[in-house]
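Notes for the one structure printed next.
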Amino acid sequence: MEVNKIAVIGAGLMGAGISYISRASGYDVIMTDLDDDAINRGLARLKGYVEAGVKRSKLSPEEGEKIVGQLVTTTNLTEAVSDVDLVIEAVFENMDVKKKLFKEMDGAAKPHTILASNTSSLSITELGKVTNRPDKVIGMHYFSPVPAMKLLEIIVGKETNDETIQTAMEVGEKQRKITVKAIDSPGFIVNRLRAQIGRAIYQIYEQGLASAEEIDTAMKEKFGVPMGSLELADFVGLDVSLGTGSTLEKELGECYKVPEILKKFVKEGRLGRKTGKGFYAYEDGQKRSIDEPKGADPDRLVTRIIMPYLREAMIEFETGIATKEDIDKAMKLGSNYKEGPFETINRLGLDMVREELKKLQQEYGHCYSLPKMLQ
Ligand SMILES: NC(=O)c1ccc[n+]([C@@H]2O[C@H](COP(=O)([O-])OP(=O)(O)OC[C@H]3O[C@@H](n4cnc5c(N)ncnc54)[C@H](O)[C@@H]3O)[C@@H](O)[C@H]2O)c1
């Protein structure tokens with residue numbers, strides 16, 4: 001199906017980014033939010049992206065002016081969705097809020113309009129159920145910052161039809177994103193894998209086996225991540241990490257339980273950089289270590305941290321959530337990892353991964369059991 005006009009619902013961090021890349025790829029865009037203040041904040045962010053694009057010679061000043069000048073904004077949802085081919089929703093991550101919105105949008109949009117959600121972890125199938133067009137409901141999961149991150153996860157609900165999938169992928173490609181396809185399931189590809197890295201790291205910290213600095217240095221130097229995982233968690237906000245973790249725990253059960261340390265920190269208001277303290281302390285924008293080194297061996301640390309993540313990638317593949325190629329691509333483009341999990345498995349060898357997982361299973365139980373491909 002040809003898409004000319006897109007409505008973006010929510011002018012926050014993600015909505016402003018999605019509006020920008022859509023306008024920059026030539027789509028007519030109508031951006032909406034609850035009130036003028038929110039729209040103005042979104043517009044300011046979008047103008048910032050335009051200025052950065054012009055500065056880096058990615059856009060001419062005329063193109064920049066056209067992106068902003070021809071962007072339509074409104075606080076009226078019905079007006080926003082009544083004459084578009086595709087809606088991309090990017091409001092708060094709350095199922096009740098999104099369900100209410102999808103019901104309203106279904107009533108106001110034309111029959112051919114595709115309704116997409118940028119949700120990070122909520123069920124696309126559930127959202128489809130509140131509409132009379134579940135075949136035209138899909139997930140388009142962009143990564144932040146939207147203009148810079150190349151990945152777009154296309155999330156296929158139980159009822160989503162092929163034309164909807166094809167159209168969402170074509171829009172993503174026109175927006176210069178690289179698309180991967182995932183079956184609707186909690187956390188999709190990347191967030192579910194990242195959660196396993198997070199769980200391992202929080203557990204190690206909780207058990208006092210390594211300091212934040214030791215964990216981050218090991219992951220950077222021995223595994224090649226661009227930013228230490230705890231530093232990144234502090235940057236994103238520990239409340240956000242807890243939110244994703246809690247959804248996974250609720251949907252997938254005990255093996256996805258959020259470590260107590262994360263709940264404790266959030267309860268204490270220790271949310272990371274934005275509150276001045278998380279796994280590190282922050283003063284005048286400078287990070288400072290607040291725990292003593294424990295003398296942890298960096299190689300052992302990395303092995304302990306990545307094994308549950310490699311196991312999870314195998315489970316995603318074995319349960320048909322995505323192909324190995326898409327899982328690798330998603331982690332490299334969505335998390336800036338040097339290699340995807342299946343590339344890591346190939347590098348380390350199946351025997352090594354099997355032996356390490358067996359050790360973890362002996363120590364911590366069935367949540368580290370061997371996936372089928374290692375049995
Ligand atoms: N922040 C990220 O890194 C990230 C990454 C990928 C996906 N997401 C997902 O994108 C969505 C938006 O996240 P965000 O970080 O942009 O949030 P945000 O808080 O920056 O923006 C949300 C915006 O939605 C508006 N809004 C709320 N209810 C609305 C309604 N009924 N109608 C119109 N506007 C409404 C709010 O006023 C706000 O401006 C969430 O589902 C989130 O999980 C976020």
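The way I read the labels, and the way they are meant: chains A, B, ... in the order of the structure tokens, residue 1 as the first residue of every chain, and ligand 1 as the first ligand shown, with later ones counted on from there.
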Could you give me, as a tab-separated table, every chain A residue with an atom at most 8 Å from ligand 1, plus its closest atom pair and distance in Å to one decimal, counting only C-alpha atoms and all ligand atoms, rows ordered by chain then number?
residue	atom	partner	partner_atom_place_in_ligand_line	distance
A:Ile9	CA	ligand 1	33 (C)	5.2
A:Gly10	CA	ligand 1	24 (O)	3.7
A:Ala11	CA	ligand 1	39 (O)	4.8
A:Gly12	CA	ligand 1	21 (O)	3.3
A:Leu13	CA	ligand 1	16 (O)	3.8
A:Met14	CA	ligand 1	16 (O)	3.6
A:Gly15	CA	ligand 1	16 (O)	5.5
A:Ala16	CA	ligand 1	16 (O)	7.7
A:Thr32	CA	ligand 1	33 (C)	5.9
A:Asp33	CA	ligand 1	34 (N)	3.7
A:Leu34	CA	ligand 1	33 (C)	4.7
A:Asp35	CA	ligand 1	37 (O)	7.3
A:Ala38	CA	ligand 1	39 (O)	5.2
A:Ile39	CA	ligand 1	39 (O)	7.3
A:Arg41	CA	ligand 1	39 (O)	7.9
A:Gly42	CA	ligand 1	39 (O)	7.3
A:Thr75	CA	ligand 1	33 (C)	7.5
A:Leu77	CA	ligand 1	32 (N)	7.0
A:Glu89	CA	ligand 1	11 (C)	7.4
A:Ala90	CA	ligand 1	11 (C)	4.1
A:Val91	CA	ligand 1	24 (O)	3.5
A:Phe92	CA	ligand 1	40 (C)	4.8
A:Glu93	CA	ligand 1	41 (O)	3.8
A:Asn94	CA	ligand 1	41 (O)	7.1
A:Val97	CA	ligand 1	31 (N)	6.5
A:Lys98	CA	ligand 1	31 (N)	7.4
A:Lys100	CA	ligand 1	31 (N)	7.9
A:Leu101	CA	ligand 1	31 (N)	6.0
A:Ser117	CA	ligand 1	41 (O)	7.5
A:Asn118	CA	ligand 1	10 (O)	5.1
A:Thr119	CA	ligand 1	41 (O)	3.8
A:Ser120	CA	ligand 1	43 (O)	4.3
A:Ser121	CA	ligand 1	43 (O)	6.9
A:His141	CA	ligand 1	7 (C)	5.9
A:Tyr142	CA	ligand 1	6 (C)	5.4
A:Phe143	CA	ligand 1	6 (C)	4.7
A:Ser144	CA	ligand 1	3 (O)	4.6
A:Pro145	CA	ligand 1	3 (O)	7.1
A:Val236	CA	ligand 1	3 (O)	7.6
Keeping only C-alpha atoms, write the selected residues as a compact mmCIF listing (two decimals), in the first residue's frame.
# COMPACT_ATOMS: atom_id res chain seq x y z
CA ILE A 9 0.62 10.66 18.14
CA GLY A 10 2.68 12.05 21.03
CA ALA A 11 5.27 14.80 20.48
CA GLY A 12 7.69 13.59 23.17
CA LEU A 13 11.23 12.27 22.76
CA MET A 14 10.24 9.54 20.31
CA GLY A 15 7.32 11.31 18.60
CA ALA A 16 9.44 14.35 17.71
CA THR A 32 -0.32 15.66 17.79
CA ASP A 33 -0.16 15.79 21.58
CA LEU A 34 -2.47 16.62 24.47
CA ASP A 35 -1.79 20.36 24.67
CA ALA A 38 3.69 19.51 24.67
CA ILE A 39 3.47 20.28 20.94
CA ARG A 41 8.35 21.07 23.26
CA GLY A 42 8.15 18.52 20.43
CA THR A 75 -4.19 18.83 19.66
CA LEU A 77 -6.81 13.48 17.75
CA GLU A 89 1.63 6.16 18.16
CA ALA A 90 4.34 7.24 20.63
CA VAL A 91 2.52 8.15 23.87
CA PHE A 92 3.36 6.99 27.43
CA GLU A 93 4.22 3.31 27.86
CA ASN A 94 0.94 2.36 29.52
CA VAL A 97 -3.64 4.68 27.81
CA LYS A 98 -2.65 3.02 24.53
CA LYS A 100 -8.06 3.84 24.86
CA LEU A 101 -6.19 5.68 22.14
CA SER A 117 2.65 1.60 17.93
CA ASN A 118 6.19 2.49 18.96
CA THR A 119 5.73 0.60 22.24
CA SER A 120 8.94 -0.80 23.76
CA SER A 121 7.41 -3.95 25.18
CA HIS A 141 9.72 0.10 17.37
CA TYR A 142 12.26 2.86 16.78
CA PHE A 143 15.32 3.38 18.98
CA SER A 144 16.49 6.55 20.68
CA PRO A 145 17.78 8.97 19.47
CA VAL A 236 18.73 5.96 30.68
### Task
Tell me which protein, DNA and RNA residues are within 10 Å of Arg304 (chain A), counting only C-alpha atoms, leaving out same-chain ones fewer than 2 positions away, and put them as an NGL selection string.
:A and (197 or 200-201 or 204 or 298-302 or 306-309 or 356-357 or 359-360)
Would you mind exporting N, CA, C and O atoms of the selected residues as a PDB file, in the first residue's frame?
ATOM      1  N   ILE A 197      21.248  -9.114  29.907  1.00  0.00           N
ATOM      2  CA  ILE A 197      22.546  -8.520  30.282  1.00  0.00           C
ATOM      3  C   ILE A 197      22.354  -7.748  31.592  1.00  0.00           C
ATOM      4  O   ILE A 197      23.128  -7.880  32.536  1.00  0.00           O
ATOM      5  N   ALA A 200      21.947  -9.985  34.730  1.00  0.00           N
ATOM      6  CA  ALA A 200      23.215 -10.580  35.165  1.00  0.00           C
ATOM      7  C   ALA A 200      24.073  -9.539  35.896  1.00  0.00           C
ATOM      8  O   ALA A 200      24.635  -9.808  36.961  1.00  0.00           O
ATOM      9  N   ILE A 201      24.111  -8.349  35.330  1.00  0.00           N
ATOM     10  CA  ILE A 201      24.946  -7.303  35.923  1.00  0.00           C
ATOM     11  C   ILE A 201      24.428  -6.883  37.302  1.00  0.00           C
ATOM     12  O   ILE A 201      25.193  -6.762  38.261  1.00  0.00           O
ATOM     13  N   ILE A 204      25.276  -9.589  39.844  1.00  0.00           N
ATOM     14  CA  ILE A 204      26.699  -9.594  40.225  1.00  0.00           C
ATOM     15  C   ILE A 204      26.983  -8.458  41.212  1.00  0.00           C
ATOM     16  O   ILE A 204      27.661  -8.634  42.222  1.00  0.00           O
ATOM     17  N   PRO A 298      38.204  -9.750  34.988  1.00  0.00           N
ATOM     18  CA  PRO A 298      37.367  -9.218  33.901  1.00  0.00           C
ATOM     19  C   PRO A 298      36.872 -10.286  32.923  1.00  0.00           C
ATOM     20  O   PRO A 298      35.732 -10.214  32.459  1.00  0.00           O
ATOM     21  N   ASP A 299      37.704 -11.286  32.604  1.00  0.00           N
ATOM     22  CA  ASP A 299      37.257 -12.319  31.658  1.00  0.00           C
ATOM     23  C   ASP A 299      36.103 -13.136  32.234  1.00  0.00           C
ATOM     24  O   ASP A 299      35.122 -13.423  31.561  1.00  0.00           O
ATOM     25  N   ARG A 300      36.237 -13.493  33.520  1.00  0.00           N
ATOM     26  CA  ARG A 300      35.166 -14.270  34.170  1.00  0.00           C
ATOM     27  C   ARG A 300      33.886 -13.437  34.247  1.00  0.00           C
ATOM     28  O   ARG A 300      32.781 -13.945  34.054  1.00  0.00           O
ATOM     29  N   LEU A 301      34.074 -12.140  34.534  1.00  0.00           N
ATOM     30  CA  LEU A 301      32.900 -11.250  34.629  1.00  0.00           C
ATOM     31  C   LEU A 301      32.119 -11.248  33.323  1.00  0.00           C
ATOM     32  O   LEU A 301      30.906 -11.445  33.309  1.00  0.00           O
ATOM     33  N   VAL A 302      32.846 -11.045  32.214  1.00  0.00           N
ATOM     34  CA  VAL A 302      32.175 -10.977  30.913  1.00  0.00           C
ATOM     35  C   VAL A 302      31.467 -12.300  30.612  1.00  0.00           C
ATOM     36  O   VAL A 302      30.317 -12.320  30.179  1.00  0.00           O
ATOM     37  N   ILE A 306      27.499 -12.467  29.825  1.00  0.00           N
ATOM     38  CA  ILE A 306      26.914 -12.679  28.495  1.00  0.00           C
ATOM     39  C   ILE A 306      26.252 -14.051  28.299  1.00  0.00           C
ATOM     40  O   ILE A 306      25.459 -14.209  27.383  1.00  0.00           O
ATOM     41  N   MET A 307      26.544 -15.014  29.167  1.00  0.00           N
ATOM     42  CA  MET A 307      25.958 -16.347  28.939  1.00  0.00           C
ATOM     43  C   MET A 307      24.420 -16.334  28.943  1.00  0.00           C
ATOM     44  O   MET A 307      23.793 -16.898  28.048  1.00  0.00           O
ATOM     45  N   PRO A 308      23.777 -15.688  29.937  1.00  0.00           N
ATOM     46  CA  PRO A 308      22.301 -15.670  29.912  1.00  0.00           C
ATOM     47  C   PRO A 308      21.761 -14.954  28.668  1.00  0.00           C
ATOM     48  O   PRO A 308      20.709 -15.312  28.141  1.00  0.00           O
ATOM     49  N   TYR A 309      22.514 -13.978  28.183  1.00  0.00           N
ATOM     50  CA  TYR A 309      22.112 -13.229  26.987  1.00  0.00           C
ATOM     51  C   TYR A 309      22.217 -14.116  25.740  1.00  0.00           C
ATOM     52  O   TYR A 309      21.316 -14.141  24.893  1.00  0.00           O
ATOM     53  N   GLU A 356      29.732 -23.411  30.025  1.00  0.00           N
ATOM     54  CA  GLU A 356      29.513 -22.263  30.933  1.00  0.00           C
ATOM     55  C   GLU A 356      28.070 -22.228  31.414  1.00  0.00           C
ATOM     56  O   GLU A 356      27.795 -21.930  32.578  1.00  0.00           O
ATOM     57  N   LEU A 357      27.133 -22.528  30.504  1.00  0.00           N
ATOM     58  CA  LEU A 357      25.726 -22.519  30.923  1.00  0.00           C
ATOM     59  C   LEU A 357      25.448 -23.649  31.923  1.00  0.00           C
ATOM     60  O   LEU A 357      24.684 -23.471  32.876  1.00  0.00           O
ATOM     61  N   LYS A 359      27.498 -24.754  34.112  1.00  0.00           N
ATOM     62  CA  LYS A 359      28.006 -24.296  35.429  1.00  0.00           C
ATOM     63  C   LYS A 359      26.984 -23.360  36.071  1.00  0.00           C
ATOM     64  O   LYS A 359      26.695 -23.454  37.259  1.00  0.00           O
ATOM     65  N   LEU A 360      26.440 -22.442  35.266  1.00  0.00           N
ATOM     66  CA  LEU A 360      25.448 -21.494  35.798  1.00  0.00           C
ATOM     67  C   LEU A 360      24.208 -22.233  36.284  1.00  0.00           C
ATOM     68  O   LEU A 360      23.633 -21.909  37.320  1.00  0.00           O
TER      69      LEU A 360
END
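Coordinates place CA of Val29 (chain A) at a distance of 26.9 Å from CA of Ala330 (chain A).
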What's the 12 Å shell around Thr323 (chain A), counting only C-alpha atoms, without same-chain residues fewer than 3 positions away, as a PDB file with C-alpha atoms, in the first residue's frame?
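Listing of out15.pdb after writing:
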ATOM      1  CA  VAL A 180      14.106  -6.503  11.321  1.00  0.00           C
ATOM      2  CA  LYS A 181      10.967  -8.533  11.862  1.00  0.00           C
ATOM      3  CA  ALA A 182       9.888  -9.958  15.228  1.00  0.00           C
ATOM      4  CA  ILE A 183       6.821 -11.880  16.306  1.00  0.00           C
ATOM      5  CA  ILE A 189      14.229  -8.782  20.140  1.00  0.00           C
ATOM      6  CA  ALA A 313      19.118 -15.246  21.822  1.00  0.00           C
ATOM      7  CA  MET A 314      18.939 -19.000  21.178  1.00  0.00           C
ATOM      8  CA  ILE A 315      15.506 -19.105  22.839  1.00  0.00           C
ATOM      9  CA  GLU A 316      14.268 -16.183  20.720  1.00  0.00           C
ATOM     10  CA  PHE A 317      15.350 -18.079  17.613  1.00  0.00           C
ATOM     11  CA  GLU A 318      14.009 -21.468  18.771  1.00  0.00           C
ATOM     12  CA  THR A 319      10.599 -20.028  19.693  1.00  0.00           C
ATOM     13  CA  GLY A 320      10.323 -18.403  16.260  1.00  0.00           C
ATOM     14  CA  ASP A 326      17.696 -10.444  12.311  1.00  0.00           C
ATOM     15  CA  ILE A 327      18.646 -11.049  15.963  1.00  0.00           C
ATOM     16  CA  ASP A 328      22.313 -10.322  15.180  1.00  0.00           C
ATOM     17  CA  LYS A 329      21.425  -7.275  13.106  1.00  0.00           C
ATOM     18  CA  ALA A 330      19.095  -5.959  15.813  1.00  0.00           C
ATOM     19  CA  PRO A 341      24.830 -12.893  19.801  1.00  0.00           C
ATOM     20  CA  PHE A 342      25.033 -15.630  17.160  1.00  0.00           C
TER      21      PHE A 342
END
Mind checking which residues fall within 12 Å of Glu251 (chain A), counting only C-alpha atoms, ignoring those fewer than 2 positions away in the same chain, and posting them as an mmCIF file with all heavy atoms, in the first residue's frame?
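Full text of around_35.cif as output:
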data_model
loop_
_atom_site.group_PDB
_atom_site.id
_atom_site.type_symbol
_atom_site.label_atom_id
_atom_site.label_comp_id
_atom_site.auth_asym_id
_atom_site.auth_seq_id
_atom_site.Cartn_x
_atom_site.Cartn_y
_atom_site.Cartn_z
ATOM 1 N N SER A 121 7.548 -2.568 24.676
ATOM 2 C CA SER A 121 7.414 -3.946 25.176
ATOM 3 C C SER A 121 5.971 -4.437 25.266
ATOM 4 O O SER A 121 5.742 -5.606 25.550
ATOM 5 C CB SER A 121 8.051 -4.056 26.564
ATOM 6 O OG SER A 121 7.463 -3.112 27.438
ATOM 7 N N LEU A 122 4.995 -3.565 25.026
ATOM 8 C CA LEU A 122 3.600 -4.004 25.207
ATOM 9 C C LEU A 122 3.106 -4.796 23.992
ATOM 10 O O LEU A 122 3.636 -4.668 22.901
ATOM 11 C CB LEU A 122 2.705 -2.786 25.469
ATOM 12 C CG LEU A 122 3.077 -1.972 26.717
ATOM 13 C CD1 LEU A 122 2.283 -0.678 26.783
ATOM 14 C CD2 LEU A 122 2.868 -2.803 27.981
ATOM 15 N N SER A 123 2.033 -5.585 24.223
ATOM 16 C CA SER A 123 1.580 -6.517 23.187
ATOM 17 C C SER A 123 0.805 -5.823 22.062
ATOM 18 O O SER A 123 -0.204 -5.161 22.289
ATOM 19 C CB SER A 123 0.704 -7.588 23.827
ATOM 20 O OG SER A 123 0.025 -8.301 22.827
ATOM 21 N N SER A 185 6.012 -10.426 21.135
ATOM 22 C CA SER A 185 6.325 -11.140 22.380
ATOM 23 C C SER A 185 7.012 -10.133 23.292
ATOM 24 O O SER A 185 7.618 -9.176 22.799
ATOM 25 C CB SER A 185 7.266 -12.321 22.103
ATOM 26 O OG SER A 185 8.430 -11.833 21.504
ATOM 27 N N PRO A 186 6.925 -10.305 24.616
ATOM 28 C CA PRO A 186 7.418 -9.280 25.532
ATOM 29 C C PRO A 186 8.870 -8.860 25.266
ATOM 30 O O PRO A 186 9.765 -9.706 25.207
ATOM 31 C CB PRO A 186 7.288 -9.948 26.902
ATOM 32 C CG PRO A 186 6.239 -10.979 26.705
ATOM 33 C CD PRO A 186 6.363 -11.458 25.297
ATOM 34 N N GLY A 187 9.091 -7.562 25.084
ATOM 35 C CA GLY A 187 10.455 -7.045 24.895
ATOM 36 C C GLY A 187 10.977 -7.215 23.476
ATOM 37 O O GLY A 187 12.091 -6.776 23.179
ATOM 38 N N ARG A 192 14.467 -7.551 25.144
ATOM 39 C CA ARG A 192 14.482 -8.812 25.877
ATOM 40 C C ARG A 192 15.927 -9.291 26.085
ATOM 41 O O ARG A 192 16.278 -9.791 27.150
ATOM 42 C CB ARG A 192 13.663 -9.845 25.089
ATOM 43 C CG ARG A 192 13.571 -11.168 25.761
ATOM 44 C CD ARG A 192 12.452 -11.970 25.159
ATOM 45 N NE ARG A 192 12.573 -13.363 25.522
ATOM 46 C CZ ARG A 192 11.654 -14.269 25.262
ATOM 47 N NH1 ARG A 192 10.546 -13.920 24.645
ATOM 48 N NH2 ARG A 192 11.824 -15.518 25.620
ATOM 49 N N THR A 244 10.799 -1.777 32.092
ATOM 50 C CA THR A 244 10.911 -2.843 31.080
ATOM 51 C C THR A 244 11.044 -4.195 31.773
ATOM 52 O O THR A 244 10.396 -5.169 31.395
ATOM 53 C CB THR A 244 12.179 -2.629 30.198
ATOM 54 O OG1 THR A 244 12.244 -1.258 29.832
ATOM 55 C CG2 THR A 244 12.174 -3.499 28.979
ATOM 56 N N GLY A 245 11.895 -4.230 32.820
ATOM 57 C CA GLY A 245 12.119 -5.483 33.547
ATOM 58 C C GLY A 245 10.827 -6.012 34.150
ATOM 59 O O GLY A 245 10.549 -7.217 34.089
ATOM 60 N N SER A 246 10.010 -5.112 34.691
ATOM 61 C CA SER A 246 8.761 -5.544 35.331
ATOM 62 C C SER A 246 7.793 -6.115 34.310
ATOM 63 O O SER A 246 7.085 -7.091 34.592
ATOM 64 C CB SER A 246 8.094 -4.374 36.059
ATOM 65 O OG SER A 246 8.992 -3.841 37.001
ATOM 66 N N THR A 247 7.741 -5.504 33.102
ATOM 67 C CA THR A 247 6.856 -6.053 32.053
ATOM 68 C C THR A 247 7.300 -7.463 31.703
ATOM 69 O O THR A 247 6.486 -8.388 31.603
ATOM 70 C CB THR A 247 6.917 -5.174 30.765
ATOM 71 O OG1 THR A 247 6.617 -3.845 31.119
ATOM 72 C CG2 THR A 247 5.960 -5.658 29.707
ATOM 73 N N LEU A 248 8.614 -7.660 31.549
ATOM 74 C CA LEU A 248 9.117 -8.992 31.195
ATOM 75 C C LEU A 248 8.820 -9.996 32.312
ATOM 76 O O LEU A 248 8.413 -11.123 32.060
ATOM 77 C CB LEU A 248 10.628 -8.936 30.916
ATOM 78 C CG LEU A 248 11.028 -8.241 29.619
ATOM 79 C CD1 LEU A 248 12.533 -8.100 29.508
ATOM 80 C CD2 LEU A 248 10.515 -9.013 28.416
ATOM 81 N N GLU A 249 9.019 -9.553 33.560
ATOM 82 C CA GLU A 249 8.759 -10.447 34.699
ATOM 83 C C GLU A 249 7.277 -10.862 34.719
ATOM 84 O O GLU A 249 6.948 -12.033 34.894
ATOM 85 C CB GLU A 249 9.142 -9.734 36.006
ATOM 86 C CG GLU A 249 8.895 -10.590 37.237
ATOM 87 C CD GLU A 249 9.292 -9.901 38.546
ATOM 88 O OE1 GLU A 249 10.126 -8.982 38.536
ATOM 89 O OE2 GLU A 249 8.744 -10.313 39.594
ATOM 90 N N GLY A 253 7.562 -14.495 33.598
ATOM 91 C CA GLY A 253 7.709 -15.286 34.816
ATOM 92 C C GLY A 253 9.035 -15.198 35.530
ATOM 93 O O GLY A 253 9.861 -14.310 35.286
ATOM 94 N N GLU A 254 9.236 -16.162 36.386
ATOM 95 C CA GLU A 254 10.288 -16.143 37.415
ATOM 96 C C GLU A 254 11.709 -15.978 36.859
ATOM 97 O O GLU A 254 12.551 -15.307 37.456
ATOM 98 C CB GLU A 254 10.085 -17.439 38.246
ATOM 99 C CG GLU A 254 11.227 -18.131 38.498
ATOM 100 C CD GLU A 254 11.219 -19.551 38.967
ATOM 101 O OE1 GLU A 254 10.579 -20.465 38.380
ATOM 102 O OE2 GLU A 254 11.973 -19.724 39.900
ATOM 103 N N CYS A 255 11.986 -16.515 35.657
ATOM 104 C CA CYS A 255 13.349 -16.425 35.114
ATOM 105 C C CYS A 255 13.671 -15.015 34.624
ATOM 106 O O CYS A 255 14.788 -14.757 34.184
ATOM 107 C CB CYS A 255 13.545 -17.441 34.003
ATOM 108 S SG CYS A 255 13.483 -19.125 34.628
ATOM 109 N N TYR A 256 12.680 -14.138 34.684
ATOM 110 C CA TYR A 256 12.904 -12.752 34.246
ATOM 111 C C TYR A 256 12.723 -11.789 35.422
ATOM 112 O O TYR A 256 12.540 -10.602 35.241
ATOM 113 C CB TYR A 256 11.934 -12.404 33.093
ATOM 114 C CG TYR A 256 12.193 -13.287 31.905
ATOM 115 C CD1 TYR A 256 11.675 -14.582 31.852
ATOM 116 C CD2 TYR A 256 13.018 -12.865 30.871
ATOM 117 C CE1 TYR A 256 11.946 -15.420 30.792
ATOM 118 C CE2 TYR A 256 13.295 -13.690 29.803
ATOM 119 C CZ TYR A 256 12.760 -14.965 29.765
ATOM 120 O OH TYR A 256 13.049 -15.803 28.714
ATOM 121 N N LYS A 257 12.780 -12.355 36.629
ATOM 122 C CA LYS A 257 12.546 -11.561 37.833
ATOM 123 C C LYS A 257 13.532 -10.383 37.915
ATOM 124 O O LYS A 257 14.728 -10.553 37.669
ATOM 125 C CB LYS A 257 12.745 -12.481 39.054
ATOM 126 C CG LYS A 257 11.936 -12.107 40.233
ATOM 127 C CD LYS A 257 12.000 -13.245 41.261
ATOM 128 C CE LYS A 257 11.351 -12.881 42.565
ATOM 129 N NZ LYS A 257 11.352 -11.522 42.954
#
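Residues with any atom within 9 Å of Gly285 (chain A), counting only C-alpha atoms and excluding same-chain neighbours fewer than 3 positions away, are Arg273, Gly276 and Tyr282 of chain A.
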### Message
Need to verify the contact set: Gly139 (chain A), 9 Å, only C-alpha atoms, exclusion of same-chain residues closer than 5 positions in sequence. Can you return it as number ranges by chain?
### Response
A: 88, 115-119, 123-124, 153-157, 168, 184
### Query
Could you write out, as an MDAnalysis selection string, all the residues of region 118-343 of chain A that DSSP marks as alpha helix (DSSP H)?
chainID A and resid 124:129 162:174 190:206 212:223 229:236 238:252 260:267 298:318 324:335 341:343
